[in-house]
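input_9.txt follows (compact mmCIF, C-alpha atoms):
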```
# COMPACT_ATOMS: atom_id res chain seq x y z
CA MET A 12 -32.82 94.15 151.14
CA LYS A 13 -33.79 96.68 153.84
CA ALA A 14 -31.25 95.08 156.16
CA LEU A 15 -28.50 95.57 153.56
CA LEU A 16 -29.45 99.21 153.01
CA LEU A 17 -29.53 99.82 156.75
CA MET A 18 -26.11 98.21 157.16
CA ALA A 19 -24.70 100.32 154.32
CA ALA A 20 -26.14 103.47 155.89
CA LEU A 21 -24.57 102.61 159.24
CA LEU A 22 -21.17 101.81 157.73
CA LEU A 23 -21.02 104.85 155.45
CA PRO A 24 -20.41 107.44 158.18
CA ALA A 25 -17.61 105.33 159.69
CA ALA A 26 -15.89 105.05 156.30
CA ALA A 27 -16.38 108.75 155.65
CA LEU A 28 -14.83 109.62 159.03
CA ALA A 29 -11.85 107.28 158.51
CA ALA A 30 -10.36 109.27 155.63
CA PRO A 31 -9.68 112.64 157.35
CA HIS A 32 -7.00 111.16 159.62
CA CYS A 33 -4.96 110.57 156.46
CA ASP A 34 -4.76 114.27 155.64
CA LYS A 35 -2.17 115.29 158.25
CA LEU A 36 1.01 113.58 159.34
CA PRO A 37 0.49 112.43 162.96
CA LYS A 38 2.54 114.36 165.53
CA ARG A 39 4.21 111.17 166.73
CA VAL A 40 5.48 110.52 163.20
CA GLU A 41 6.70 114.12 162.87
CA LYS A 42 8.65 113.75 166.13
CA GLU A 43 9.92 110.19 165.70
CA GLN A 44 10.78 109.98 162.00
CA SER A 45 14.47 109.83 161.15
CA ALA A 46 15.92 112.01 158.42
CA ILE A 47 18.00 110.00 155.97
CA ARG A 48 21.35 111.72 155.38
CA PRO A 49 22.55 111.61 152.75
CA VAL A 50 19.30 111.16 150.87
CA GLN A 51 19.07 107.60 149.52
CA ARG A 52 18.09 106.13 146.19
CA MET A 53 15.73 103.15 146.62
CA ILE A 54 14.70 100.57 144.04
CA VAL A 55 11.21 99.04 144.14
CA THR A 56 11.42 95.28 144.72
CA ALA A 57 7.74 94.60 145.35
CA PRO A 58 6.57 91.80 143.01
CA LYS A 59 3.52 93.86 142.03
CA GLN A 60 2.84 97.57 142.25
CA LEU A 61 4.00 99.53 145.30
CA TYR A 62 1.34 102.02 146.39
CA PHE A 63 2.00 105.46 147.82
CA HIS A 64 0.28 106.39 151.09
CA ARG A 65 -0.55 109.90 152.30
CA ILE A 66 0.81 109.06 155.75
CA PRO A 67 2.52 105.89 157.05
CA ASP A 68 -0.74 104.00 157.63
CA ARG A 69 -2.08 101.02 155.64
CA GLY A 70 -5.52 102.64 155.59
CA CYS A 71 -4.23 105.76 153.81
CA ALA A 72 -3.19 104.33 150.44
CA THR A 73 -3.57 106.48 147.36
CA ARG A 74 -4.25 105.32 143.82
CA VAL A 75 -0.69 106.21 142.82
CA SER A 76 1.65 103.26 142.44
CA VAL A 77 5.06 102.49 140.97
CA GLN A 78 6.24 99.36 139.21
CA ARG A 79 9.01 96.98 140.19
CA ASP A 80 12.54 98.35 139.45
CA SER A 81 11.38 101.99 139.64
CA ALA A 82 13.82 104.34 141.40
CA LEU A 83 12.62 106.43 144.35
CA THR A 84 14.38 109.02 146.50
CA ALA A 85 14.00 108.40 150.25
CA TYR A 86 14.17 111.32 152.72
CA ASN A 87 12.75 110.06 156.01
CA GLU A 88 12.09 106.72 157.73
CA TRP A 89 9.58 105.79 160.43
CA LYS A 90 9.03 102.24 161.68
CA GLY A 91 9.67 100.58 158.33
CA TRP A 92 7.91 103.26 156.25
CA TYR A 93 9.81 105.65 153.98
CA SER A 94 8.91 109.16 152.89
CA VAL A 95 9.85 109.12 149.21
CA GLN A 96 9.63 111.05 145.97
CA TYR A 97 9.23 109.59 142.49
CA ASN A 98 10.23 111.42 139.32
CA ASP A 99 8.23 110.20 136.33
CA ARG A 100 9.60 112.17 133.36
CA GLY A 101 9.56 115.42 135.33
CA GLU A 102 6.26 114.72 137.15
CA MET A 103 7.08 114.51 140.87
CA THR A 104 5.04 112.37 143.27
CA SER A 105 5.63 112.27 147.03
CA GLY A 106 4.28 109.96 149.69
CA TRP A 107 5.01 107.15 152.13
CA VAL A 108 5.73 103.55 151.09
CA LYS A 109 6.43 100.34 153.01
CA GLY A 110 10.13 99.59 153.23
CA SER A 111 9.52 95.88 152.67
CA GLY A 112 9.00 96.68 148.99
CA LEU A 113 12.32 98.54 148.59
CA ARG A 114 16.06 97.98 148.52
CA ALA A 115 18.71 100.64 149.10
CA ALA A 116 20.79 101.56 146.04
CA GLY A 117 23.18 104.13 147.49
CA ALA A 118 23.33 107.80 148.35
CA MET A 119 21.31 110.06 146.11
CA GLY A 120 23.02 113.01 144.54
CA LEU A 121 24.42 114.14 141.26
CA ASP A 122 26.31 110.98 140.31
CA THR A 123 23.50 108.51 140.99
CA ARG A 124 20.86 110.70 139.37
CA ILE A 125 22.82 111.40 136.19
CA ALA A 126 23.81 107.75 135.77
CA HIS A 127 20.19 106.65 136.30
CA GLU A 128 18.64 109.18 133.92
CA THR A 129 21.13 108.89 131.07
CA GLY A 130 22.21 105.27 131.42
CA GLN A 131 25.84 106.45 131.15
CA ALA A 132 28.70 106.44 133.62
CA ALA A 133 28.62 109.51 135.83
CA PRO A 134 31.36 112.07 135.21
CA ARG A 135 34.19 112.24 137.73
CA LEU A 136 34.24 115.63 139.42
CA PRO A 137 36.81 117.28 141.68
CA ALA A 138 35.98 116.67 145.35
CA ASP A 139 34.99 120.31 146.03
CA ALA A 140 32.65 120.34 143.02
CA SER A 141 31.09 116.98 143.89
CA ALA A 142 30.39 118.11 147.47
CA LEU A 143 28.85 121.41 146.37
CA VAL A 144 26.72 119.79 143.68
CA GLU A 145 25.33 117.38 146.29
CA ARG A 146 24.61 120.34 148.57
CA VAL A 147 22.85 122.25 145.78
CA ALA A 148 20.66 119.23 144.98
CA GLN A 149 19.70 118.74 148.62
CA CYS A 150 19.00 122.43 149.28
CA THR A 151 16.87 122.63 146.14
CA HIS A 152 14.85 119.65 147.29
CA PHE A 153 14.35 120.78 150.88
CA ALA A 154 13.34 124.28 149.76
CA GLY A 155 10.21 122.68 148.29
CA GLU A 156 9.42 120.67 151.43
CA PHE A 157 8.13 123.49 153.64
CA ASN A 158 4.44 123.28 154.56
CA GLY A 159 4.39 126.83 155.89
CA ASP A 160 2.52 125.79 159.04
CA GLN A 161 5.36 126.10 161.60
CA SER A 162 5.04 122.34 162.26
CA GLU A 163 7.76 120.09 163.64
CA HIS A 164 8.32 119.01 160.03
CA ASP A 165 9.02 122.62 159.00
CA LYS A 166 11.38 123.09 161.96
CA ARG A 167 13.35 119.99 160.96
CA ILE A 168 13.53 121.13 157.32
CA ASN A 169 14.75 124.56 158.45
CA ALA A 170 17.40 122.97 160.71
CA THR A 171 18.54 120.73 157.85
CA MET A 172 18.83 123.68 155.46
CA THR A 173 20.81 125.62 158.08
CA GLU A 174 23.13 122.66 158.53
CA LEU A 175 23.59 122.46 154.74
CA ARG A 176 24.31 126.23 154.67
CA CYS A 177 21.70 126.70 151.95
CA GLY A 178 21.70 130.46 152.52
CA ALA A 179 25.31 130.65 151.30
CA LEU A 180 24.78 128.61 148.12
CA GLU A 181 24.65 131.50 145.69
CA ASP A 182 28.09 132.79 146.75
CA ASP A 183 29.57 129.28 146.96
CA VAL A 184 28.30 128.35 143.48
CA ALA A 185 29.65 131.59 142.00
CA ALA A 186 33.07 130.93 143.57
CA LEU A 187 33.12 127.34 142.29
CA ARG A 188 32.13 128.48 138.78
CA ARG A 189 35.06 130.92 138.78
CA LYS A 190 37.46 128.27 140.07
CA HIS A 191 36.37 125.64 137.51
CA ALA A 192 35.45 127.99 134.64
CA ASP A 193 37.26 125.75 132.14
CA ASP A 194 35.71 122.48 133.37
CA ALA A 195 32.56 121.79 131.33
CA ALA A 196 31.63 118.76 133.48
CA VAL A 197 31.55 120.86 136.64
CA LEU A 198 29.49 123.64 135.02
CA LYS A 199 27.03 121.10 133.60
CA ALA A 200 26.77 119.31 136.95
CA LEU A 201 25.86 122.57 138.69
CA ASP A 202 23.19 123.29 136.10
CA GLU A 203 21.67 119.82 136.40
CA ALA A 204 21.71 119.85 140.22
CA GLY A 205 19.25 122.76 140.24
CA GLN A 206 21.53 125.59 141.27
CA PRO A 207 19.93 128.62 142.93
```
I need this file expressed as C-alpha cells, please.
Amino acid sequence: MKALLLMAALLLPAAALAAPHCDKLPKRVEKEQSAIRPVQRMIVTAPKQLYFHRIPDRGCATRVSVQRDSALTAYNEWKGWYSVQYNDRGEMTSGWVKGSGLRAAGAMGLDTRIAHETGQAAPRLPADASALVERVAQCTHFAGEFNGDQSEHDKRINATMTELRCGALEDDVAALRRKHADDAAVLKALDEAGQP
C-alpha cells in the first residue's frame, strides 16, 4: 500500500506539470499553420465522438466533443489538425481536432450556412451581393479571433482582415443596400451574415 501511495505521489507532480503546456499555442504551430481560405465547412466522420483539443496535441484533449455528422467550420490546418469552431444552437466552441475524423463539405459562407441551418435550398444572390456577404461573414468571425497579445496569431488575423478590407465594410454594405434596396433576399443575407 505504501508503495502505491509513494508511486502516486511521484506521478502527481508530473501529471500536474503536463497540463500547462496545453494553455498556449506553441510558437511553431503559430508560424507553420496554414490559413484555410475560403473558410471550409467540415463534417464529422469519426465513428464515435470527436474531441476538441486546446492545442494540436493528443495530450491536450478537452471534455468537449461532437457527434458524427456534426458540421464544423475550419479556419487553420497544421499537420493533420484543424482549428475549428462548432455552433451548437448559438453556443460557440472553438478548438483543434484531428483531421482523420473529418471530411470537407465545401467553402463556408452564407449559402452553406443558411442551407445547413434551415434545411432549405440557399437563395441565389447577385454575384456582388454573394461576394460581399461572404466578406462580411469572414470579417465578423476574424474580429473575434484576436487574443490581444501581439502574437504571430494576432498578426496573421490582422493581415487577413486587411486583405479582406474589413475596415471598409460599413461603406460597402451601405452601398450594396442602396443598390439592392428592392431585393429582400440580399437584405436578409446581409443581416444573417452578421453585418457591421
What are the closest atom pairs, with distances in Å to one decimal, for all residues of region 160-201 of chain A lying within 12 Å of region 76-88 of chain A? Consider all atoms listed in the file, order rows by chain and residue number, and present the result as CSV.
```
residue,atom,partner,partner_atom,distance
A:His164,CA,A:Asn87,CA,10.8
A:Arg167,CA,A:Asn87,CA,11.1
A:Ile168,CA,A:Tyr86,CA,10.9
A:Thr171,CA,A:Tyr86,CA,11.6
```
Do you know which residues are at most 9 Å from Trp89 (chain A) counting only C-alpha atoms, after dropping those on the same chain fewer than 3 positions away, and could you put them as a list in words? Val40, Glu43, Gln44, Ser45, Pro67, Trp92, Tyr93 and Ser94 of chain A
Can I get the selection written as a tab-separated table (two decimals), in the frame of the given file, with C-alpha atoms?
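Saved result, out12.tsv, follows:
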```
chain	number	residue	atom	x	y	z
A	40	VAL	CA	5.48	110.52	163.20
A	43	GLU	CA	9.92	110.19	165.70
A	44	GLN	CA	10.78	109.98	162.00
A	45	SER	CA	14.47	109.83	161.15
A	67	PRO	CA	2.52	105.89	157.05
A	92	TRP	CA	7.91	103.26	156.25
A	93	TYR	CA	9.81	105.65	153.98
A	94	SER	CA	8.91	109.16	152.89
```
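From CA of Met103 (chain A) back to CA of His152 (chain A), the distance works out to 11.3 Å.
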Taking all atoms of region 172-176 of chain A that the file lists, what box with edges along x, y and z, padded by 6 Å per side, do you get, with centre and edge lengths in Å to one decimal, as AutoDock Vina command-line options?
```
--center_x 21.6 --center_y 124.3 --center_z 156.6 --size_x 17.5 --size_y 15.8 --size_z 15.9
```
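Going from CA of Gln51 (chain A) over to CA of Tyr97 (chain A), you cover 12.3 Å.
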As a check of understanding: the span from CA of Phe63 (chain A) to CA of Arg48 (chain A) is 21.7 Å
A:Ala204, A:Leu187, A:Asp182, A:Cys33: which is nearest Cys150 (chain A), counting all atoms listed in the file?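 Of all the options, A:Ala204 lies closest to Cys150 (chain A).
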From A:Asp68, A:Arg146, A:Gln161, A:Asp202, residue lying nearest Leu180 (chain A) [only C-alpha atoms]: A:Arg146
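The nearest approach to Lys59 (chain A) among the residues A:Leu113, A:Ala200, A:Lys42, A:Gln149, with only C-alpha atoms taken into account, belongs to A:Leu113.
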